[in-house]
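Below is one structure, written out as structure tokens, with a few remarks after it.
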Amino acid sequence: MTKQELDKMMLRLQQGDEDAFEEIYNETKRGLFAFILSICRNYHTAEDMMQTAYIRLRTTIASYKAGSNAYGWLYTIAKNATLNELNRQKRETPTDLEDGNARYGSYTMDGDGSPVTAVMNKVLGETERQIVSLHVFSGFKHREIAEVLDKPLGTVLWTYNNALAKMKRELVKEGEYEV
Amino acid sequence: MRFKDIEKRLRSEHDESRVPDVYMRVKKAPINKLLEGETPALAFQKQIAMKLLIGTAIIFIVAAIAVAALWFSKPTDLDLPDYYVSVTVERQTGRTESYGAVLREDSGTVLITEEYRSADMSDKHAFTECLQITDFILFKSDDKVSISIFGDARNHRTAFLIASDMAVRLKEDCGAEAVISVNDAKAKADWATYILQCGGKATAEDGFWKLIAAYLNLFE
């Protein structure tokens, strides 16, 4: 779904079209989940945050402005919801976040069938993961990523290329790719 | 290896990954009303209210069905007896005595309601309990006894068995012969006339449940 099509869907939802929400959900769920997962790195937390993001989408749809970046708007909602949740978890259960083994849950992207994703999660930092996720999984342009993450375009471009270079080195090291 | 290859592999793995269907989960949960802009408390309150409403509706429907079933089987009163028995005894002396009794099938109890058939209600015994009609009425072997039993038309066979049992008991205990009749039209007309004489409202065309209700009202 293009940005313009999503914008139309958002306007339909704003006018109370229930079917529009389902279409938005089906079109964005995959990319949004990967993005949230790149932030929190825990399958179950990501699931909850995904739910929260869509609930907030529904409850704040009145504030959506026609012609604005619908994807950016949705992803910003998801990012803020996830960061708030992580902060809350950090305050209430600090050990949970520090336990790296428990963070991925049962997410299949991290398993044997997803070696490149596993490398991404292994070697990239949080911001790098978010940028790669937004670009590769959600199809965001770097300019759009800069908007969502509130970072300069140059930083996004540099971080993205640096992230892929780190992944390439690790993949070669693990024998996934030949030099 | 190019960056494009890494991106391609990542995209491919991503497309094959499992994504939780939170929409379905939300739809099933009470919180789903949040999608419609409700507060969590209101969403949960509404769900509880809906559960209570459904529970109450089910109880109401079950009660209504039970009451309807009882109404159709015994339309006047839940405590109505199942049968009315009129016993007429012609003594050797020429004296004729009439007795009335009601029977409850579940307990097998006989409740003598009329010691002597008379339009004067002060002569009546209301609900003197005994197990057999012979426990209350003294029969002699040379008495001519007629037993008329009335009951719901659907229980005609049971009524006949009860009357037969009474006749057998009468023969064995007292040696008296008894003629039995079940829902006999003439006896029913007599019963209705008797109820009228006593101040009740009844006609020979009334069904059993209407007659028994009118009859029992005489004792209230």
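Letters for chains follow the order of the structure tokens (A, B, ...), residue numbers begin at 1 for each chain, and ligand numbers begin at 1 in the order shown.
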
| Which residues of chain A are close to chain B, meaning at most 9 Å apart when you count only C-alpha atoms, and how do they look as a PyMOL selection string? | chain A and resi 22+25+29-31+33-34+47-48+50-51+54-60+107-109+113-117+120+132+136-137+161+164-165+167-168+177-179

Report as a PDB file with N, CA, C and O atoms, in the first residue's frame all protein, DNA and RNA residues lying within 10 Å of A:His142, evaluated on only C-alpha atoms, omitting residues in the same chain fewer than 3 positions from it.
```
ATOM      1  N   ILE A 131      16.625   1.533  12.161  1.00  0.00           N
ATOM      2  CA  ILE A 131      16.806   2.101  10.820  1.00  0.00           C
ATOM      3  C   ILE A 131      16.760   1.002   9.759  1.00  0.00           C
ATOM      4  O   ILE A 131      16.083   1.135   8.732  1.00  0.00           O
ATOM      5  N   VAL A 132      17.453  -0.102  10.024  1.00  0.00           N
ATOM      6  CA  VAL A 132      17.441  -1.212   9.060  1.00  0.00           C
ATOM      7  C   VAL A 132      16.021  -1.774   8.921  1.00  0.00           C
ATOM      8  O   VAL A 132      15.542  -2.038   7.820  1.00  0.00           O
ATOM      9  N   LEU A 134      13.126  -0.274   9.481  1.00  0.00           N
ATOM     10  CA  LEU A 134      12.240   0.657   8.771  1.00  0.00           C
ATOM     11  C   LEU A 134      12.521   0.666   7.269  1.00  0.00           C
ATOM     12  O   LEU A 134      11.594   0.715   6.457  1.00  0.00           O
ATOM     13  N   HIS A 135      13.778   0.583   6.921  1.00  0.00           N
ATOM     14  CA  HIS A 135      14.126   0.650   5.496  1.00  0.00           C
ATOM     15  C   HIS A 135      13.838  -0.671   4.780  1.00  0.00           C
ATOM     16  O   HIS A 135      13.219  -0.685   3.709  1.00  0.00           O
ATOM     17  N   GLY A 139       9.949  -0.545   4.128  1.00  0.00           N
ATOM     18  CA  GLY A 139      10.096   0.165   2.859  1.00  0.00           C
ATOM     19  C   GLY A 139      10.176   1.677   2.998  1.00  0.00           C
ATOM     20  O   GLY A 139       9.862   2.410   2.058  1.00  0.00           O
ATOM     21  N   ILE A 145      12.602   7.848   7.432  1.00  0.00           N
ATOM     22  CA  ILE A 145      13.153   7.289   8.686  1.00  0.00           C
ATOM     23  C   ILE A 145      13.645   8.426   9.580  1.00  0.00           C
ATOM     24  O   ILE A 145      13.396   8.437  10.794  1.00  0.00           O
ATOM     25  N   ALA A 146      14.295   9.365   8.963  1.00  0.00           N
ATOM     26  CA  ALA A 146      14.812  10.516   9.718  1.00  0.00           C
ATOM     27  C   ALA A 146      13.669  11.248  10.416  1.00  0.00           C
ATOM     28  O   ALA A 146      13.795  11.680  11.565  1.00  0.00           O
ATOM     29  N   GLU A 147      12.533  11.313   9.711  1.00  0.00           N
ATOM     30  CA  GLU A 147      11.352  11.990  10.263  1.00  0.00           C
ATOM     31  C   GLU A 147      10.791  11.225  11.460  1.00  0.00           C
ATOM     32  O   GLU A 147      10.521  11.803  12.505  1.00  0.00           O
ATOM     33  N   VAL A 148      10.645   9.913  11.264  1.00  0.00           N
ATOM     34  CA  VAL A 148      10.051   9.085  12.334  1.00  0.00           C
ATOM     35  C   VAL A 148      10.959   9.047  13.563  1.00  0.00           C
ATOM     36  O   VAL A 148      10.495   9.167  14.697  1.00  0.00           O
ATOM     37  N   PRO A 152      18.828  13.514  12.017  1.00  0.00           N
ATOM     38  CA  PRO A 152      19.209  14.126  10.734  1.00  0.00           C
ATOM     39  C   PRO A 152      19.338  13.054   9.647  1.00  0.00           C
ATOM     40  O   PRO A 152      19.727  11.911   9.935  1.00  0.00           O
ATOM     41  N   LEU A 153      19.035  13.449   8.403  1.00  0.00           N
ATOM     42  CA  LEU A 153      19.084  12.500   7.298  1.00  0.00           C
ATOM     43  C   LEU A 153      20.491  11.900   7.148  1.00  0.00           C
ATOM     44  O   LEU A 153      20.639  10.692   6.920  1.00  0.00           O
ATOM     45  N   GLY A 154      21.496  12.731   7.309  1.00  0.00           N
ATOM     46  CA  GLY A 154      22.879  12.264   7.178  1.00  0.00           C
ATOM     47  C   GLY A 154      23.207  11.177   8.195  1.00  0.00           C
ATOM     48  O   GLY A 154      23.852  10.169   7.886  1.00  0.00           O
ATOM     49  N   THR A 155      22.708  11.358   9.407  1.00  0.00           N
ATOM     50  CA  THR A 155      22.952  10.367  10.466  1.00  0.00           C
ATOM     51  C   THR A 155      22.292   9.035  10.104  1.00  0.00           C
ATOM     52  O   THR A 155      22.875   7.961  10.292  1.00  0.00           O
ATOM     53  N   VAL A 156      21.075   9.150   9.557  1.00  0.00           N
ATOM     54  CA  VAL A 156      20.339   7.939   9.187  1.00  0.00           C
ATOM     55  C   VAL A 156      21.086   7.196   8.076  1.00  0.00           C
ATOM     56  O   VAL A 156      21.284   5.971   8.153  1.00  0.00           O
ATOM     57  N   LEU A 157      21.515   7.927   7.074  1.00  0.00           N
ATOM     58  CA  LEU A 157      22.230   7.307   5.951  1.00  0.00           C
ATOM     59  C   LEU A 157      23.523   6.642   6.422  1.00  0.00           C
ATOM     60  O   LEU A 157      23.819   5.499   6.080  1.00  0.00           O
ATOM     61  N   TYR A 160      22.798   3.606   8.602  1.00  0.00           N
ATOM     62  CA  TYR A 160      22.289   2.475   7.826  1.00  0.00           C
ATOM     63  C   TYR A 160      23.426   1.740   7.133  1.00  0.00           C
ATOM     64  O   TYR A 160      23.556   0.511   7.237  1.00  0.00           O
TER      65      TYR A 160
END
```

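We find atom CA of B:Tyr83 and atom CA of B:Val102 to be spaced 5.6 Å apart.
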
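The neighbours of A:Arg12 here are the residues that come within 12 Å of it, using only C-alpha atoms and leaving out any residue fewer than 5 positions away in the same chain; they are Glu5, Leu6, Asp7, Asp17, Glu18, Asp19, Ala20, Phe21, Glu22, Glu23, Ile24, Arg58, Ile61, Ala62, Tyr64 and Ala66 of chain A.
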
DSSP-assigned alpha helix (DSSP H) among stretch 46-150 of chain A, expressed as an mmCIF file with N, CA, C and O atoms, in the first residue's frame:
```cif
data_model
loop_
_atom_site.group_PDB
_atom_site.id
_atom_site.type_symbol
_atom_site.label_atom_id
_atom_site.label_comp_id
_atom_site.auth_asym_id
_atom_site.auth_seq_id
_atom_site.Cartn_x
_atom_site.Cartn_y
_atom_site.Cartn_z
ATOM 1 N N ALA A 46 6.678 -6.929 22.172
ATOM 2 C CA ALA A 46 6.377 -6.371 20.848
ATOM 3 C C ALA A 46 4.911 -6.606 20.476
ATOM 4 O O ALA A 46 4.252 -5.730 19.908
ATOM 5 N N GLU A 47 4.425 -7.773 20.831
ATOM 6 C CA GLU A 47 3.018 -8.106 20.551
ATOM 7 C C GLU A 47 2.090 -7.139 21.295
ATOM 8 O O GLU A 47 1.141 -6.599 20.720
ATOM 9 N N ASP A 48 2.412 -6.934 22.584
ATOM 10 C CA ASP A 48 1.589 -6.016 23.383
ATOM 11 C C ASP A 48 1.663 -4.594 22.848
ATOM 12 O O ASP A 48 0.667 -3.878 22.791
ATOM 13 N N MET A 49 2.871 -4.211 22.468
ATOM 14 C CA MET A 49 3.051 -2.842 21.987
ATOM 15 C C MET A 49 2.380 -2.628 20.637
ATOM 16 O O MET A 49 1.893 -1.550 20.320
ATOM 17 N N MET A 50 2.377 -3.683 19.853
ATOM 18 C CA MET A 50 1.696 -3.612 18.566
ATOM 19 C C MET A 50 0.199 -3.371 18.808
ATOM 20 O O MET A 50 -0.434 -2.531 18.160
ATOM 21 N N GLN A 51 -0.328 -4.092 19.776
ATOM 22 C CA GLN A 51 -1.747 -3.912 20.116
ATOM 23 C C GLN A 51 -1.995 -2.486 20.607
ATOM 24 O O GLN A 51 -2.944 -1.827 20.182
ATOM 25 N N THR A 52 -1.117 -2.040 21.493
ATOM 26 C CA THR A 52 -1.265 -0.680 22.032
ATOM 27 C C THR A 52 -1.213 0.347 20.900
ATOM 28 O O THR A 52 -1.986 1.316 20.889
ATOM 29 N N ALA A 53 -0.291 0.129 19.964
ATOM 30 C CA ALA A 53 -0.131 1.079 18.857
ATOM 31 C C ALA A 53 -1.423 1.179 18.042
ATOM 32 O O ALA A 53 -1.867 2.287 17.700
ATOM 33 N N TYR A 54 -2.031 0.034 17.751
ATOM 34 C CA TYR A 54 -3.261 0.075 16.949
ATOM 35 C C TYR A 54 -4.433 0.655 17.736
ATOM 36 O O TYR A 54 -5.308 1.310 17.173
ATOM 37 N N ILE A 55 -4.430 0.404 19.046
ATOM 38 C CA ILE A 55 -5.482 1.018 19.871
ATOM 39 C C ILE A 55 -5.324 2.533 19.863
ATOM 40 O O ILE A 55 -6.291 3.279 19.711
ATOM 41 N N ARG A 56 -4.058 2.977 19.991
ATOM 42 C CA ARG A 56 -3.829 4.430 19.991
ATOM 43 C C ARG A 56 -4.164 5.031 18.630
ATOM 44 O O ARG A 56 -4.640 6.159 18.545
ATOM 45 N N LEU A 57 -3.893 4.261 17.600
ATOM 46 C CA LEU A 57 -4.261 4.736 16.256
ATOM 47 C C LEU A 57 -5.755 5.025 16.206
ATOM 48 O O LEU A 57 -6.195 6.063 15.702
ATOM 49 N N ARG A 58 -6.541 4.095 16.769
ATOM 50 C CA ARG A 58 -7.989 4.262 16.740
ATOM 51 C C ARG A 58 -8.445 5.426 17.620
ATOM 52 O O ARG A 58 -9.347 6.172 17.247
ATOM 53 N N THR A 59 -7.834 5.521 18.796
ATOM 54 C CA THR A 59 -8.308 6.549 19.736
ATOM 55 C C THR A 59 -7.837 7.953 19.364
ATOM 56 O O THR A 59 -8.414 8.929 19.822
ATOM 57 N N ALA A 70 1.206 9.186 6.649
ATOM 58 C CA ALA A 70 0.428 8.235 7.440
ATOM 59 C C ALA A 70 1.314 7.163 8.065
ATOM 60 O O ALA A 70 1.139 6.797 9.233
ATOM 61 N N TYR A 71 2.254 6.661 7.284
ATOM 62 C CA TYR A 71 3.175 5.644 7.825
ATOM 63 C C TYR A 71 3.972 6.224 8.982
ATOM 64 O O TYR A 71 4.128 5.605 10.041
ATOM 65 N N GLY A 72 4.509 7.430 8.763
ATOM 66 C CA GLY A 72 5.308 8.083 9.803
ATOM 67 C C GLY A 72 4.502 8.285 11.071
ATOM 68 O O GLY A 72 4.993 8.062 12.177
ATOM 69 N N TRP A 73 3.251 8.671 10.889
ATOM 70 C CA TRP A 73 2.371 8.923 12.026
ATOM 71 C C TRP A 73 2.163 7.643 12.833
ATOM 72 O O TRP A 73 2.317 7.625 14.056
ATOM 73 N N LEU A 74 1.848 6.551 12.124
ATOM 74 C CA LEU A 74 1.612 5.266 12.792
ATOM 75 C C LEU A 74 2.873 4.753 13.484
ATOM 76 O O LEU A 74 2.834 4.289 14.628
ATOM 77 N N TYR A 75 3.996 4.847 12.792
ATOM 78 C CA TYR A 75 5.246 4.344 13.368
ATOM 79 C C TYR A 75 5.703 5.185 14.553
ATOM 80 O O TYR A 75 6.313 4.662 15.487
ATOM 81 N N THR A 76 5.404 6.465 14.494
ATOM 82 C CA THR A 76 5.766 7.320 15.639
ATOM 83 C C THR A 76 4.935 6.926 16.863
ATOM 84 O O THR A 76 5.446 6.865 17.983
ATOM 85 N N ILE A 77 3.652 6.636 16.609
ATOM 86 C CA ILE A 77 2.785 6.168 17.709
ATOM 87 C C ILE A 77 3.385 4.900 18.309
ATOM 88 O O ILE A 77 3.514 4.756 19.528
ATOM 89 N N ALA A 78 3.763 3.969 17.427
ATOM 90 C CA ALA A 78 4.308 2.683 17.888
ATOM 91 C C ALA A 78 5.611 2.890 18.650
ATOM 92 O O ALA A 78 5.845 2.279 19.699
ATOM 93 N N LYS A 79 6.455 3.749 18.113
ATOM 94 C CA LYS A 79 7.763 3.995 18.761
ATOM 95 C C LYS A 79 7.560 4.580 20.158
ATOM 96 O O LYS A 79 8.158 4.111 21.131
ATOM 97 N N ASN A 80 6.704 5.594 20.251
ATOM 98 C CA ASN A 80 6.480 6.231 21.551
ATOM 99 C C ASN A 80 5.864 5.256 22.554
ATOM 100 O O ASN A 80 6.253 5.223 23.725
ATOM 101 N N ALA A 81 4.901 4.466 22.066
ATOM 102 C CA ALA A 81 4.261 3.483 22.960
ATOM 103 C C ALA A 81 5.292 2.481 23.462
ATOM 104 O O ALA A 81 5.314 2.124 24.651
ATOM 105 N N THR A 82 6.156 2.041 22.565
ATOM 106 C CA THR A 82 7.144 1.028 22.947
ATOM 107 C C THR A 82 8.178 1.607 23.914
ATOM 108 O O THR A 82 8.530 0.969 24.914
ATOM 109 N N LEU A 83 8.646 2.804 23.619
ATOM 110 C CA LEU A 83 9.656 3.410 24.508
ATOM 111 C C LEU A 83 9.066 3.680 25.889
ATOM 112 O O LEU A 83 9.728 3.467 26.910
ATOM 113 N N ASN A 84 7.806 4.115 25.904
ATOM 114 C CA ASN A 84 7.148 4.332 27.204
ATOM 115 C C ASN A 84 7.056 3.030 27.982
ATOM 116 O O ASN A 84 7.292 2.984 29.190
ATOM 117 N N GLU A 85 6.704 1.968 27.261
ATOM 118 C CA GLU A 85 6.573 0.663 27.914
ATOM 119 C C GLU A 85 7.927 0.183 28.430
ATOM 120 O O GLU A 85 8.033 -0.361 29.533
ATOM 121 N N LEU A 86 8.955 0.378 27.635
ATOM 122 C CA LEU A 86 10.294 -0.053 28.058
ATOM 123 C C LEU A 86 10.746 0.720 29.287
ATOM 124 O O LEU A 86 11.336 0.152 30.205
ATOM 125 N N ASN A 87 10.433 1.994 29.298
ATOM 126 C CA ASN A 87 10.789 2.805 30.477
ATOM 127 C C ASN A 87 10.040 2.325 31.709
ATOM 128 O O ASN A 87 10.589 2.255 32.807
ATOM 129 N N ARG A 88 8.762 1.980 31.483
ATOM 130 C CA ARG A 88 7.963 1.492 32.605
ATOM 131 C C ARG A 88 8.516 0.168 33.122
ATOM 132 O O ARG A 88 8.672 -0.027 34.318
ATOM 133 N N GLN A 89 8.846 -0.714 32.176
ATOM 134 C CA GLN A 89 9.409 -2.018 32.564
ATOM 135 C C GLN A 89 10.732 -1.834 33.294
ATOM 136 O O GLN A 89 11.028 -2.529 34.254
ATOM 137 N N LYS A 90 11.496 -0.876 32.823
ATOM 138 C CA LYS A 90 12.816 -0.637 33.425
ATOM 139 C C LYS A 90 12.662 -0.192 34.879
ATOM 140 O O LYS A 90 13.418 -0.585 35.747
ATOM 141 N N ARG A 91 11.616 0.612 35.105
ATOM 142 C CA ARG A 91 11.368 1.084 36.474
ATOM 143 C C ARG A 91 10.860 -0.046 37.355
ATOM 144 O O ARG A 91 11.259 -0.186 38.497
ATOM 145 N N GLU A 92 9.990 -0.882 36.792
ATOM 146 C CA GLU A 92 9.320 -1.898 37.616
ATOM 147 C C GLU A 92 10.077 -3.220 37.686
ATOM 148 O O GLU A 92 10.106 -3.863 38.718
ATOM 149 N N PRO A 94 13.646 -4.129 36.512
ATOM 150 C CA PRO A 94 14.920 -3.829 35.854
ATOM 151 C C PRO A 94 15.674 -5.066 35.387
ATOM 152 O O PRO A 94 16.340 -5.037 34.375
ATOM 153 N N THR A 95 15.518 -6.184 36.098
ATOM 154 C CA THR A 95 16.283 -7.383 35.731
ATOM 155 C C THR A 95 15.832 -7.970 34.405
ATOM 156 O O THR A 95 16.610 -8.572 33.693
ATOM 157 N N ASP A 96 14.561 -7.758 34.088
ATOM 158 C CA ASP A 96 14.016 -8.326 32.853
ATOM 159 C C ASP A 96 14.722 -7.759 31.624
ATOM 160 O O ASP A 96 15.012 -8.462 30.671
ATOM 161 N N LEU A 97 14.996 -6.451 31.677
ATOM 162 C CA LEU A 97 15.631 -5.820 30.522
ATOM 163 C C LEU A 97 17.117 -6.148 30.437
ATOM 164 O O LEU A 97 17.711 -6.124 29.366
ATOM 165 N N GLU A 98 17.680 -6.451 31.595
ATOM 166 C CA GLU A 98 19.107 -6.734 31.586
ATOM 167 C C GLU A 98 19.402 -8.169 31.181
ATOM 168 O O GLU A 98 20.522 -8.522 30.880
ATOM 169 N N PRO A 115 18.933 -16.671 9.621
ATOM 170 C CA PRO A 115 20.311 -16.372 10.054
ATOM 171 C C PRO A 115 20.700 -14.902 9.882
ATOM 172 O O PRO A 115 21.421 -14.362 10.731
ATOM 173 N N VAL A 116 20.233 -14.264 8.840
ATOM 174 C CA VAL A 116 20.621 -12.868 8.617
ATOM 175 C C VAL A 116 19.946 -11.967 9.651
ATOM 176 O O VAL A 116 20.560 -11.038 10.177
ATOM 177 N N THR A 117 18.682 -12.275 9.950
ATOM 178 C CA THR A 117 17.975 -11.506 10.987
ATOM 179 C C THR A 117 18.654 -11.714 12.338
ATOM 180 O O THR A 117 18.766 -10.777 13.137
ATOM 181 N N ALA A 118 19.076 -12.947 12.579
ATOM 182 C CA ALA A 118 19.768 -13.234 13.841
ATOM 183 C C ALA A 118 21.050 -12.408 13.946
ATOM 184 O O ALA A 118 21.355 -11.863 15.016
ATOM 185 N N VAL A 119 21.754 -12.299 12.836
ATOM 186 C CA VAL A 119 22.977 -11.495 12.833
ATOM 187 C C VAL A 119 22.632 -10.027 13.077
ATOM 188 O O VAL A 119 23.309 -9.324 13.826
ATOM 189 N N MET A 120 21.542 -9.590 12.466
ATOM 190 C CA MET A 120 21.119 -8.198 12.660
ATOM 191 C C MET A 120 20.873 -7.915 14.141
ATOM 192 O O MET A 120 21.341 -6.913 14.690
ATOM 193 N N ASN A 121 20.167 -8.827 14.771
ATOM 194 C CA ASN A 121 19.872 -8.630 16.193
ATOM 195 C C ASN A 121 21.116 -8.755 17.062
ATOM 196 O O ASN A 121 21.195 -8.155 18.133
ATOM 197 N N LYS A 122 22.071 -9.541 16.567
ATOM 198 C CA LYS A 122 23.270 -9.803 17.358
ATOM 199 C C LYS A 122 24.251 -8.624 17.337
ATOM 200 O O LYS A 122 24.764 -8.210 18.391
ATOM 201 N N VAL A 123 24.477 -8.084 16.144
ATOM 202 C CA VAL A 123 25.570 -7.111 16.055
ATOM 203 C C VAL A 123 25.123 -5.647 16.025
ATOM 204 O O VAL A 123 25.948 -4.754 16.230
ATOM 205 N N GLU A 126 20.432 -0.556 19.027
ATOM 206 C CA GLU A 126 18.993 -0.309 18.902
ATOM 207 C C GLU A 126 18.649 0.616 17.736
ATOM 208 O O GLU A 126 17.765 0.316 16.924
ATOM 209 N N THR A 127 19.373 1.730 17.632
ATOM 210 C CA THR A 127 19.072 2.697 16.568
ATOM 211 C C THR A 127 19.354 2.079 15.201
ATOM 212 O O THR A 127 18.587 2.269 14.249
ATOM 213 N N GLU A 128 20.432 1.330 15.122
ATOM 214 C CA GLU A 128 20.773 0.666 13.844
ATOM 215 C C GLU A 128 19.676 -0.320 13.445
ATOM 216 O O GLU A 128 19.276 -0.378 12.284
ATOM 217 N N ARG A 129 19.214 -1.068 14.411
ATOM 218 C CA ARG A 129 18.149 -2.036 14.121
ATOM 219 C C ARG A 129 16.876 -1.345 13.644
ATOM 220 O O ARG A 129 16.231 -1.776 12.693
ATOM 221 N N GLN A 130 16.549 -0.254 14.305
ATOM 222 C CA GLN A 130 15.334 0.489 13.924
ATOM 223 C C GLN A 130 15.451 0.992 12.486
ATOM 224 O O GLN A 130 14.508 0.874 11.700
ATOM 225 N N ILE A 131 16.625 1.533 12.161
ATOM 226 C CA ILE A 131 16.806 2.101 10.820
ATOM 227 C C ILE A 131 16.760 1.002 9.759
ATOM 228 O O ILE A 131 16.083 1.135 8.732
ATOM 229 N N VAL A 132 17.453 -0.102 10.024
ATOM 230 C CA VAL A 132 17.441 -1.212 9.060
ATOM 231 C C VAL A 132 16.021 -1.774 8.921
ATOM 232 O O VAL A 132 15.542 -2.038 7.820
ATOM 233 N N HIS A 142 14.983 6.852 3.451
ATOM 234 C CA HIS A 142 15.831 7.349 4.544
ATOM 235 C C HIS A 142 15.315 8.670 5.110
ATOM 236 O O HIS A 142 15.400 8.925 6.309
ATOM 237 N N ARG A 143 14.756 9.484 4.210
ATOM 238 C CA ARG A 143 14.211 10.768 4.661
ATOM 239 C C ARG A 143 13.030 10.531 5.629
ATOM 240 O O ARG A 143 12.883 11.230 6.629
ATOM 241 N N GLU A 144 12.233 9.541 5.302
ATOM 242 C CA GLU A 144 11.076 9.214 6.163
ATOM 243 C C GLU A 144 11.538 8.638 7.501
ATOM 244 O O GLU A 144 10.939 8.912 8.540
ATOM 245 N N ILE A 145 12.602 7.848 7.432
ATOM 246 C CA ILE A 145 13.153 7.289 8.686
ATOM 247 C C ILE A 145 13.645 8.426 9.580
ATOM 248 O O ILE A 145 13.396 8.437 10.794
ATOM 249 N N ALA A 146 14.295 9.365 8.963
ATOM 250 C CA ALA A 146 14.812 10.516 9.718
ATOM 251 C C ALA A 146 13.669 11.248 10.416
ATOM 252 O O ALA A 146 13.795 11.680 11.565
ATOM 253 N N GLU A 147 12.533 11.313 9.711
ATOM 254 C CA GLU A 147 11.352 11.990 10.263
ATOM 255 C C GLU A 147 10.791 11.225 11.460
ATOM 256 O O GLU A 147 10.521 11.803 12.505
ATOM 257 N N VAL A 148 10.645 9.913 11.264
ATOM 258 C CA VAL A 148 10.051 9.085 12.334
ATOM 259 C C VAL A 148 10.959 9.047 13.563
ATOM 260 O O VAL A 148 10.495 9.167 14.697
ATOM 261 N N LEU A 149 12.251 8.869 13.312
ATOM 262 C CA LEU A 149 13.180 8.726 14.443
ATOM 263 C C LEU A 149 13.707 10.069 14.939
ATOM 264 O O LEU A 149 14.478 10.107 15.914
#
```

| Quick one: distance from atom CA of B:Cys174 to atom CA of B:Asn155 in Å, one decimal? | 28.1 Å

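Atom CA of B:Ser141 is found 23.9 Å from atom CA of B:Thr113.
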
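Comparing the minimum interatomic distances between A:Asn26 and each of A:Met9, A:Tyr43, A:Ser133, A:Ser38, counting only C-alpha atoms, we find that A:Met9 sits nearest.
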